[in-house]
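Coordinates from protein08.cif are shown below (mmCIF, C-alpha atoms).
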data_final
loop_
_atom_site.label_atom_id
_atom_site.label_comp_id
_atom_site.auth_asym_id
_atom_site.auth_seq_id
_atom_site.Cartn_x
_atom_site.Cartn_y
_atom_site.Cartn_z
CA MET W 1 -38.31 -37.86 62.34
CA ASN W 2 -38.05 -37.77 66.07
CA SER W 3 -36.84 -40.34 68.59
CA ASP W 4 -40.40 -41.43 69.39
CA GLU W 5 -40.99 -42.33 65.75
CA ILE W 6 -37.82 -44.35 65.53
CA ARG W 7 -38.86 -46.35 68.57
CA ALA W 8 -42.33 -47.10 67.21
CA LEU W 9 -43.01 -50.73 66.35
CA SER W 10 -45.95 -52.86 65.33
CA PHE W 11 -45.94 -56.25 63.72
CA ALA W 12 -47.53 -56.47 60.29
CA THR W 13 -49.90 -59.30 59.45
CA MET W 14 -49.94 -61.17 56.18
CA ASP W 15 -53.12 -59.27 55.20
CA ASP W 16 -51.32 -55.94 55.30
CA GLY W 17 -49.55 -56.63 52.02
CA GLU W 18 -45.97 -56.96 50.91
CA GLU W 19 -45.14 -53.25 51.03
CA LEU W 20 -46.38 -52.81 54.59
CA ALA W 21 -44.43 -55.92 55.58
CA ARG W 22 -41.26 -54.37 54.13
CA ALA W 23 -41.89 -51.15 56.01
CA GLU W 24 -42.43 -53.04 59.26
CA VAL W 25 -39.16 -54.92 58.85
CA TYR W 26 -37.32 -51.63 58.42
CA GLY W 27 -39.10 -50.27 61.49
CA LEU W 28 -38.16 -53.31 63.55
CA LEU W 29 -34.54 -53.12 62.46
CA ALA W 30 -34.46 -49.40 63.27
CA ARG W 31 -35.77 -50.11 66.76
CA LEU W 32 -33.37 -52.97 67.54
CA TRP W 33 -30.26 -51.15 66.26
CA PHE W 34 -31.24 -47.94 68.05
CA ALA W 35 -31.31 -49.40 71.57
CA PRO W 36 -31.60 -52.75 73.33
CA PRO W 37 -35.18 -54.05 73.42
CA ASP W 38 -37.24 -53.35 76.51
CA GLU W 39 -39.43 -55.93 78.22
CA GLU W 40 -42.49 -54.92 76.21
CA LEU W 41 -40.73 -55.60 72.92
CA LEU W 42 -39.26 -58.86 74.20
CA GLN W 43 -42.74 -59.97 75.20
CA GLN W 44 -43.90 -59.36 71.63
CA PHE W 45 -41.20 -61.71 70.43
CA ARG W 46 -42.17 -64.34 73.00
CA VAL W 47 -45.64 -64.56 71.48
CA ALA W 48 -44.78 -63.69 67.85
CA VAL W 49 -44.98 -66.31 65.14
CA THR W 50 -41.63 -67.62 63.96
CA GLU W 51 -42.61 -67.28 60.31
CA ALA W 52 -40.41 -64.72 58.56
CA PRO W 53 -42.09 -61.29 58.32
CA GLN W 54 -41.51 -61.22 54.56
CA LYS W 55 -42.02 -64.07 52.13
CA GLY W 56 -38.95 -65.91 50.91
CA ALA W 57 -37.00 -68.86 52.21
CA PHE W 58 -33.78 -66.82 52.25
CA LEU W 59 -35.04 -64.92 55.32
CA GLU W 60 -36.51 -67.86 57.20
CA ALA W 61 -33.42 -69.24 58.95
CA PRO W 62 -31.95 -65.89 60.10
CA TRP W 63 -35.38 -64.72 61.26
CA GLU W 64 -36.00 -67.90 63.26
CA ALA W 65 -32.54 -67.60 64.83
CA LEU W 66 -33.19 -63.96 65.80
CA VAL W 67 -36.60 -64.76 67.31
CA ALA W 68 -35.11 -67.67 69.28
CA ALA W 69 -32.28 -65.49 70.61
CA LEU W 70 -34.65 -62.74 71.72
CA ARG W 71 -37.00 -65.22 73.38
CA GLU W 72 -34.23 -66.80 75.41
CA ALA W 73 -32.25 -63.71 76.42
CA ARG W 74 -32.84 -61.56 79.49
CA GLN W 75 -33.38 -57.87 78.91
CA GLY W 76 -30.48 -56.95 81.17
CA ALA W 77 -28.11 -59.28 79.33
CA ILE W 78 -29.08 -57.81 75.96
CA ALA W 79 -28.53 -54.30 77.32
CA GLU W 80 -25.07 -55.31 78.55
CA GLU W 81 -24.25 -56.76 75.14
CA TYR W 82 -25.42 -53.60 73.40
CA ASP W 83 -23.23 -51.46 75.64
CA ALA W 84 -20.23 -53.74 75.15
CA LEU W 85 -20.51 -53.54 71.37
CA PHE W 86 -21.75 -50.02 70.69
CA HIS W 87 -21.00 -47.91 73.77
CA GLY W 88 -18.23 -48.11 76.34
CA VAL W 89 -15.56 -45.69 77.50
CA GLY W 90 -13.90 -43.86 74.62
CA ARG W 91 -14.43 -45.21 71.13
CA PRO W 92 -16.96 -48.07 70.89
CA ASP W 93 -15.81 -51.43 69.58
CA ILE W 94 -18.33 -51.17 66.75
CA LEU W 95 -19.55 -47.93 65.20
CA LEU W 96 -23.11 -47.69 63.91
CA TYR W 97 -22.49 -44.81 61.51
CA GLY W 98 -22.28 -45.08 57.74
CA SER W 99 -19.56 -42.45 57.34
CA TYR W 100 -17.08 -44.70 59.15
CA TYR W 101 -17.63 -47.63 56.79
CA LEU W 102 -17.66 -45.45 53.67
CA SER W 103 -14.72 -43.16 54.43
CA GLY W 104 -12.93 -44.56 57.47
CA HIS W 105 -13.87 -41.54 59.58
CA LEU W 106 -16.93 -40.05 61.25
CA HIS W 107 -18.62 -36.85 60.03
CA GLU W 108 -17.07 -37.00 56.57
CA LYS W 109 -18.44 -36.46 53.05
CA PRO W 110 -20.92 -39.39 53.17
CA LEU W 111 -22.73 -37.66 56.06
CA ALA W 112 -22.86 -34.39 54.12
CA GLN W 113 -24.30 -36.20 51.09
CA LEU W 114 -26.87 -37.94 53.27
CA ARG W 115 -27.95 -34.63 54.79
CA ALA W 116 -28.33 -33.11 51.34
CA ASP W 117 -30.46 -36.05 50.21
CA LEU W 118 -32.59 -35.84 53.35
CA ALA W 119 -33.16 -32.14 52.75
CA GLU W 120 -34.33 -32.96 49.22
CA LEU W 121 -36.82 -35.41 50.75
CA GLY W 122 -37.97 -32.81 53.26
CA LEU W 123 -36.60 -34.77 56.21
CA ALA W 124 -34.37 -33.75 59.10
CA LYS W 125 -33.08 -35.24 62.34
CA ASP W 126 -34.62 -34.28 65.65
CA ASP W 127 -32.11 -31.95 67.30
CA ALA W 128 -32.73 -33.69 70.63
CA ARG W 129 -31.10 -36.84 69.30
CA GLY W 130 -27.39 -37.18 69.82
CA GLU W 131 -26.77 -39.53 66.90
CA THR W 132 -25.97 -38.18 63.48
CA GLU W 133 -28.19 -38.98 60.51
CA ASP W 134 -25.91 -41.77 59.26
CA HIS W 135 -26.74 -43.96 62.27
CA VAL W 136 -28.03 -47.27 60.95
CA SER W 137 -31.35 -46.92 62.77
CA PHE W 138 -31.97 -43.53 61.15
CA VAL W 139 -31.39 -44.70 57.57
CA PHE W 140 -33.64 -47.71 58.21
CA GLU W 141 -36.33 -45.39 59.52
CA VAL W 142 -36.02 -43.26 56.40
CA MET W 143 -36.55 -46.38 54.29
CA ARG W 144 -39.66 -47.20 56.29
CA TYR W 145 -40.98 -43.70 55.62
CA LEU W 146 -40.25 -43.94 51.90
CA ILE W 147 -42.22 -47.19 51.73
CA ALA W 148 -45.17 -46.37 53.98
CA GLY W 149 -45.51 -42.59 53.77
CA ASP W 150 -48.52 -40.89 52.21
CA ASP W 151 -46.75 -38.39 49.96
CA VAL W 152 -46.47 -40.27 46.67
CA ALA W 153 -44.18 -37.61 45.22
CA ILE W 154 -41.60 -38.64 47.84
CA CYS W 155 -42.66 -42.10 48.95
CA ASN W 156 -42.26 -44.16 45.81
CA LEU W 157 -40.09 -46.98 44.49
CA GLU W 158 -37.64 -44.76 42.65
CA ARG W 159 -36.92 -42.70 45.79
CA GLN W 160 -36.57 -45.92 47.77
CA ARG W 161 -34.17 -47.35 45.21
CA ARG W 162 -31.97 -44.29 45.12
CA PHE W 163 -31.80 -43.87 48.90
CA PHE W 164 -31.16 -47.59 49.43
CA ARG W 165 -28.39 -47.69 46.82
CA LEU W 166 -26.57 -44.69 48.30
CA HIS W 167 -27.18 -44.95 52.01
CA VAL W 168 -27.94 -48.59 52.90
CA GLN W 169 -26.49 -50.98 50.34
CA THR W 170 -23.09 -49.27 50.41
CA TRP W 171 -22.21 -50.09 54.02
CA VAL W 172 -24.76 -51.93 56.16
CA GLU W 173 -23.42 -55.38 55.33
CA ALA W 174 -19.95 -54.27 56.48
CA LEU W 175 -21.50 -53.27 59.81
CA CYS W 176 -23.17 -56.67 60.06
CA ASP W 177 -19.86 -58.42 59.38
CA ALA W 178 -18.20 -56.43 62.18
CA VAL W 179 -20.93 -57.40 64.63
CA VAL W 180 -20.85 -61.10 63.76
CA GLU W 181 -17.08 -61.18 64.21
CA HIS W 182 -17.16 -59.56 67.66
CA PRO W 183 -16.57 -62.11 70.46
CA ARG W 184 -19.24 -60.56 72.71
CA ALA W 185 -21.96 -60.57 70.06
CA GLU W 186 -24.73 -63.09 70.69
CA VAL W 187 -28.21 -61.63 70.22
CA TYR W 188 -26.78 -58.86 68.06
CA ALA W 189 -24.95 -61.39 65.92
CA ARG W 190 -28.32 -62.90 65.11
CA LEU W 191 -29.71 -59.43 64.41
CA ALA W 192 -26.75 -58.78 62.11
CA ASP W 193 -27.38 -62.06 60.25
CA PHE W 194 -31.03 -61.17 59.66
CA THR W 195 -30.20 -57.60 58.71
CA ARG W 196 -27.64 -58.78 56.15
CA ALA W 197 -30.11 -61.24 54.64
CA PHE W 198 -32.83 -58.59 54.44
CA VAL W 199 -30.49 -56.07 52.79
CA GLN W 200 -29.52 -58.73 50.24
CA VAL W 201 -33.19 -59.44 49.47
CA GLU W 202 -33.84 -55.72 49.07
CA THR W 203 -30.80 -55.39 46.79
CA GLN W 204 -32.12 -58.14 44.54
CA GLY W 205 -35.56 -56.52 44.48
CA PHE W 206 -34.19 -53.14 43.43
CA ASP W 207 -32.01 -54.83 40.81
CA LEU W 208 -35.21 -55.97 39.11
CA LEU W 209 -36.28 -52.34 38.70
CA GLU W 210 -33.27 -51.49 36.55
#

Would you mind writing the file out in C-alpha coordinates?
Amino acid sequence: MNSDEIRALSFATMDDGEELARAEVYGLLARLWFAPPDEELLQQFRVAVTEAPQKGAFLEAPWEALVAALREARQGAIAEEYDALFHGVGRPDILLYGSYYLSGHLHEKPLAQLRADLAELGLAKDDARGETEDHVSFVFEVMRYLIAGDDVAICNLERQRRFFRLHVQTWVEALCDAVVEHPRAEVYARLADFTRAFVQVETQGFDLLE
(Lines of atoms letter the chains of each structure in order from A and count residues from 1; the text may use other names and numbers.)
(Lines give C-alpha, C1' and ligand atoms only; values in the text may rest on other atoms or scores of the structure.)
Protein backbone atom coordinates (compact mmCIF):
# COMPACT_ATOMS: atom_id res chain seq x y z
CA MET A 1 0.00 0.00 0.00
CA ASN A 2 1.40 3.34 -0.94
CA SER A 3 0.62 6.85 0.27
CA ASP A 4 -1.63 7.54 -2.72
CA GLU A 5 -3.82 4.57 -1.80
CA ILE A 6 -4.15 5.67 1.79
CA ARG A 7 -5.30 9.10 0.66
CA ALA A 8 -7.93 7.71 -1.71
CA LEU A 9 -11.53 8.39 -0.73
CA SER A 10 -14.96 7.96 -2.25
CA PHE A 11 -18.30 7.96 -0.52
CA ALA A 12 -20.30 4.75 -0.79
CA THR A 13 -24.00 4.87 -1.61
CA MET A 14 -26.62 2.73 0.03
CA ASP A 15 -26.80 0.61 -3.15
CA ASP A 16 -23.18 -0.46 -2.79
CA GLY A 17 -24.02 -2.86 0.02
CA GLU A 18 -23.03 -3.22 3.64
CA GLU A 19 -19.54 -4.57 3.00
CA LEU A 20 -18.58 -1.73 0.65
CA ALA A 21 -19.97 0.73 3.18
CA ARG A 22 -17.71 -0.78 5.86
CA ALA A 23 -14.71 -0.54 3.57
CA GLU A 24 -15.48 3.09 2.78
CA VAL A 25 -15.69 3.97 6.47
CA TYR A 26 -12.27 2.46 7.04
CA GLY A 27 -10.95 4.38 4.04
CA LEU A 28 -12.39 7.64 5.32
CA LEU A 29 -10.94 7.09 8.78
CA ALA A 30 -7.55 6.26 7.26
CA ARG A 31 -7.61 9.49 5.29
CA LEU A 32 -8.65 11.73 8.20
CA TRP A 33 -6.15 10.25 10.68
CA PHE A 34 -3.34 10.36 8.11
CA ALA A 35 -3.45 14.12 7.49
CA PRO A 36 -5.80 17.07 7.90
CA PRO A 37 -8.47 17.21 5.18
CA ASP A 38 -7.82 19.39 2.17
CA GLU A 39 -10.41 21.71 0.64
CA GLU A 40 -11.60 19.05 -1.80
CA LEU A 41 -12.43 16.64 1.01
CA LEU A 42 -14.06 19.37 3.09
CA GLN A 43 -16.24 20.26 0.11
CA GLN A 44 -17.41 16.64 -0.04
CA PHE A 45 -18.53 16.93 3.56
CA ARG A 46 -20.33 20.21 2.86
CA VAL A 47 -22.57 18.46 0.34
CA ALA A 48 -22.63 14.97 1.90
CA VAL A 49 -25.77 13.62 3.50
CA THR A 50 -25.73 13.58 7.29
CA GLU A 51 -27.07 10.03 7.42
CA ALA A 52 -24.51 7.68 8.97
CA PRO A 53 -22.49 5.78 6.34
CA GLN A 54 -23.39 2.47 7.98
CA LYS A 55 -26.77 1.44 9.30
CA GLY A 56 -27.31 1.54 13.04
CA ALA A 57 -28.46 4.23 15.42
CA PHE A 58 -25.29 3.85 17.51
CA LEU A 59 -23.29 5.62 14.78
CA GLU A 60 -25.80 8.34 13.96
CA ALA A 61 -24.98 10.92 16.64
CA PRO A 62 -21.16 10.74 16.38
CA TRP A 63 -21.36 10.80 12.58
CA GLU A 64 -23.64 13.85 12.56
CA ALA A 65 -21.32 15.62 15.02
CA LEU A 66 -18.28 14.86 12.84
CA VAL A 67 -19.99 16.07 9.67
CA ALA A 68 -21.10 19.27 11.42
CA ALA A 69 -17.59 19.94 12.72
CA LEU A 70 -16.01 19.43 9.30
CA ARG A 71 -18.59 21.64 7.62
CA GLU A 72 -18.00 24.51 10.00
CA ALA A 73 -14.21 24.39 10.33
CA ARG A 74 -11.70 26.15 8.09
CA GLN A 75 -9.06 23.98 6.46
CA GLY A 76 -6.26 26.03 7.99
CA ALA A 77 -7.72 25.70 11.48
CA ILE A 78 -8.02 21.92 11.13
CA ALA A 79 -4.41 21.73 9.94
CA GLU A 80 -3.29 23.74 12.97
CA GLU A 81 -5.23 21.42 15.27
CA TYR A 82 -3.69 18.35 13.63
CA ASP A 83 -0.20 19.76 14.10
CA ALA A 84 -0.90 20.71 17.72
CA LEU A 85 -2.09 17.20 18.56
CA PHE A 86 0.07 14.93 16.41
CA HIS A 87 3.15 16.89 15.37
CA GLY A 88 5.08 19.67 17.09
CA VAL A 89 8.66 20.06 18.21
CA GLY A 90 10.01 16.93 19.90
CA ARG A 91 7.52 14.30 20.99
CA PRO A 92 3.92 14.94 19.87
CA ASP A 93 1.22 15.36 22.49
CA ILE A 94 -0.62 12.36 21.05
CA LEU A 95 1.03 9.43 19.28
CA LEU A 96 -0.80 7.68 16.46
CA TYR A 97 1.11 4.40 16.69
CA GLY A 98 -0.24 1.17 18.13
CA SER A 99 3.05 0.08 19.71
CA TYR A 100 2.88 2.99 22.15
CA TYR A 101 -0.57 2.04 23.44
CA LEU A 102 0.22 -1.68 23.59
CA SER A 103 3.70 -1.55 25.12
CA GLY A 104 4.33 2.00 26.27
CA HIS A 105 7.10 2.49 23.71
CA LEU A 106 7.50 2.92 19.96
CA HIS A 107 9.00 0.25 17.70
CA GLU A 108 8.45 -2.57 20.18
CA LYS A 109 7.15 -6.14 19.87
CA PRO A 110 3.64 -5.14 18.69
CA LEU A 111 5.19 -3.54 15.59
CA ALA A 112 7.22 -6.68 14.89
CA GLN A 113 4.09 -8.82 15.20
CA LEU A 114 2.18 -6.50 12.90
CA ARG A 115 4.93 -6.68 10.29
CA ALA A 116 4.91 -10.47 10.47
CA ASP A 117 1.14 -10.53 9.99
CA LEU A 118 1.36 -8.10 7.07
CA ALA A 119 3.99 -10.29 5.43
CA GLU A 120 1.64 -13.26 5.77
CA LEU A 121 -1.02 -11.20 3.99
CA GLY A 122 1.43 -10.22 1.27
CA LEU A 123 1.37 -6.55 2.28
CA ALA A 124 4.16 -4.09 2.99
CA LYS A 125 4.55 -0.38 3.67
CA ASP A 126 5.72 1.97 0.95
CA ASP A 127 9.32 2.81 1.82
CA ALA A 128 8.67 6.43 0.87
CA ARG A 129 6.35 6.81 3.86
CA GLY A 130 7.91 7.93 7.09
CA GLU A 131 5.30 6.40 9.37
CA THR A 132 5.68 2.87 10.64
CA GLU A 133 3.05 0.25 9.89
CA ASP A 134 1.36 0.62 13.28
CA HIS A 135 0.13 4.13 12.42
CA VAL A 136 -3.62 4.17 12.87
CA SER A 137 -4.25 5.19 9.26
CA PHE A 138 -2.24 2.22 7.99
CA VAL A 139 -4.10 -0.41 10.02
CA PHE A 140 -7.41 1.12 8.93
CA GLU A 141 -6.27 0.94 5.32
CA VAL A 142 -5.37 -2.72 5.79
CA MET A 143 -8.88 -3.36 7.09
CA ARG A 144 -10.32 -1.65 4.03
CA TYR A 145 -8.23 -3.92 1.81
CA LEU A 146 -9.30 -7.05 3.68
CA ILE A 147 -12.94 -6.09 3.17
CA ALA A 148 -12.87 -4.83 -0.41
CA GLY A 149 -9.94 -6.67 -2.01
CA ASP A 150 -10.40 -9.20 -4.79
CA ASP A 151 -8.25 -12.04 -3.44
CA VAL A 152 -10.74 -14.14 -1.51
CA ALA A 153 -7.97 -16.25 -0.01
CA ILE A 154 -6.81 -13.11 1.83
CA CYS A 155 -9.81 -10.80 1.80
CA ASN A 156 -12.36 -12.68 3.87
CA LEU A 157 -14.14 -12.38 7.20
CA GLU A 158 -11.78 -14.61 9.12
CA ARG A 159 -8.74 -12.58 8.05
CA GLN A 160 -10.62 -9.39 8.91
CA ARG A 161 -11.55 -10.75 12.32
CA ARG A 162 -8.04 -11.81 13.19
CA PHE A 163 -6.39 -8.58 12.03
CA PHE A 164 -9.02 -6.45 13.76
CA ARG A 165 -8.70 -8.35 17.04
CA LEU A 166 -4.90 -8.05 17.12
CA HIS A 167 -4.20 -4.70 15.53
CA VAL A 168 -7.29 -2.47 15.90
CA GLN A 169 -9.44 -3.55 18.82
CA THR A 170 -6.45 -3.74 21.18
CA TRP A 171 -5.58 -0.03 21.15
CA VAL A 172 -7.56 2.31 18.90
CA GLU A 173 -10.10 3.20 21.58
CA ALA A 174 -7.24 4.25 23.88
CA LEU A 175 -6.03 6.60 21.14
CA CYS A 176 -9.53 8.02 20.81
CA ASP A 177 -9.71 8.62 24.56
CA ALA A 178 -6.40 10.51 24.45
CA VAL A 179 -7.65 12.73 21.65
CA VAL A 180 -10.98 13.54 23.31
CA GLU A 181 -9.19 14.49 26.53
CA HIS A 182 -6.77 16.89 24.81
CA PRO A 183 -7.73 20.55 25.39
CA ARG A 184 -6.91 21.54 21.79
CA ALA A 185 -9.01 18.80 20.21
CA GLU A 186 -12.14 20.04 18.48
CA VAL A 187 -12.66 18.51 15.04
CA TYR A 188 -10.40 15.61 15.97
CA ALA A 189 -12.37 15.02 19.15
CA ARG A 190 -15.41 14.47 16.97
CA LEU A 191 -13.38 12.17 14.71
CA ALA A 192 -12.25 10.25 17.79
CA ASP A 193 -15.86 9.89 18.98
CA PHE A 194 -16.96 8.48 15.63
CA THR A 195 -13.92 6.23 15.37
CA ARG A 196 -14.57 4.79 18.83
CA ALA A 197 -18.21 4.14 18.00
CA PHE A 198 -17.31 2.46 14.72
CA VAL A 199 -14.69 0.24 16.38
CA GLN A 200 -17.29 -0.78 18.97
CA VAL A 201 -19.78 -1.68 16.23
CA GLU A 202 -17.11 -3.71 14.44
CA THR A 203 -16.20 -5.46 17.70
CA GLN A 204 -19.81 -6.49 18.22
CA GLY A 205 -20.03 -7.71 14.62
CA PHE A 206 -16.94 -9.89 14.94
CA ASP A 207 -18.21 -11.22 18.27
CA LEU A 208 -21.15 -12.70 16.38
CA LEU A 209 -18.75 -14.75 14.26
CA GLU A 210 -17.38 -16.62 17.26

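Of note, CA of Leu191 (chain W) and CA of Arg115 (chain W) are spaced 26.7 Å apart.
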
Point to revise | Selection result for the PyMOL selection byres ((chain W and resi 112) around 12) on this file, as a PyMOL selection string | key: chain W and resi 98-99+103+106-111+113-119+132-134+167

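Once the PyMOL selection byres ((chain W and resi 195) around 9) is applied to the depicted file, the selected set reads Leu29, Pro62, Val172, Glu173, Cys176, Arg190, Leu191, Ala192, Asp193, Phe194, Arg196, Ala197, Phe198, Val199 and Gln200 of chain W.
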
Exercise for review: Could you expand the PyMOL selection byres ((chain W and resi 50) around 12) into the explicit residues it covers here, written as a PyMOL selection string?
Suggested key: chain W and resi 44-49+51-54+59-71

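Put simply, CA of Ser137 (chain W) is 16.6 Å away from CA of Pro92 (chain W).
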
Exercise for review: To one decimal in Å, tell me the separation between CA of Glu80 (chain W) and CA of Tyr97 (chain W).
Suggested key: 20.2 Å

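Comparing the minimum interatomic distances between Asp177 (chain W) and each of W:Ala189, W:Leu32, W:Ala57, W:Ala124, counting all atoms listed in the file, we find that W:Ala189 sits nearest.
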
Review point. Leaving out Ala35 (chain W) and any residue of its chain fewer than 3 positions from it, which residues lie within 12 Å of it when counting all atoms listed in the file, given as an NGL selection string?
Key: :W and (3 or 6-7 or 28-32 or 38 or 41 or 75 or 78-83 or 85-87 or 96 or 131 or 135-138 or 188)

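Distance check against Arg161 (chain W) using all atoms listed in the file: of W:Ala84, W:Val89, W:Leu146, W:Leu42, the minimum falls on W:Leu146.
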
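Nearest residue to Glu24 (chain W), choosing from W:Arg144, W:His182, W:Arg165, W:His105 and counting all atoms listed in the file: W:Arg144.
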
Practice item. Skip Arg162 (chain W) itself and residues of its chain fewer than 4 positions away, then list as a ChimeraX atom specification all residues within 12 Å of it, counting all atoms listed in the file. Key: /W:114,117-118,121,143,146,154-158,166-170,203,206-207,209-210
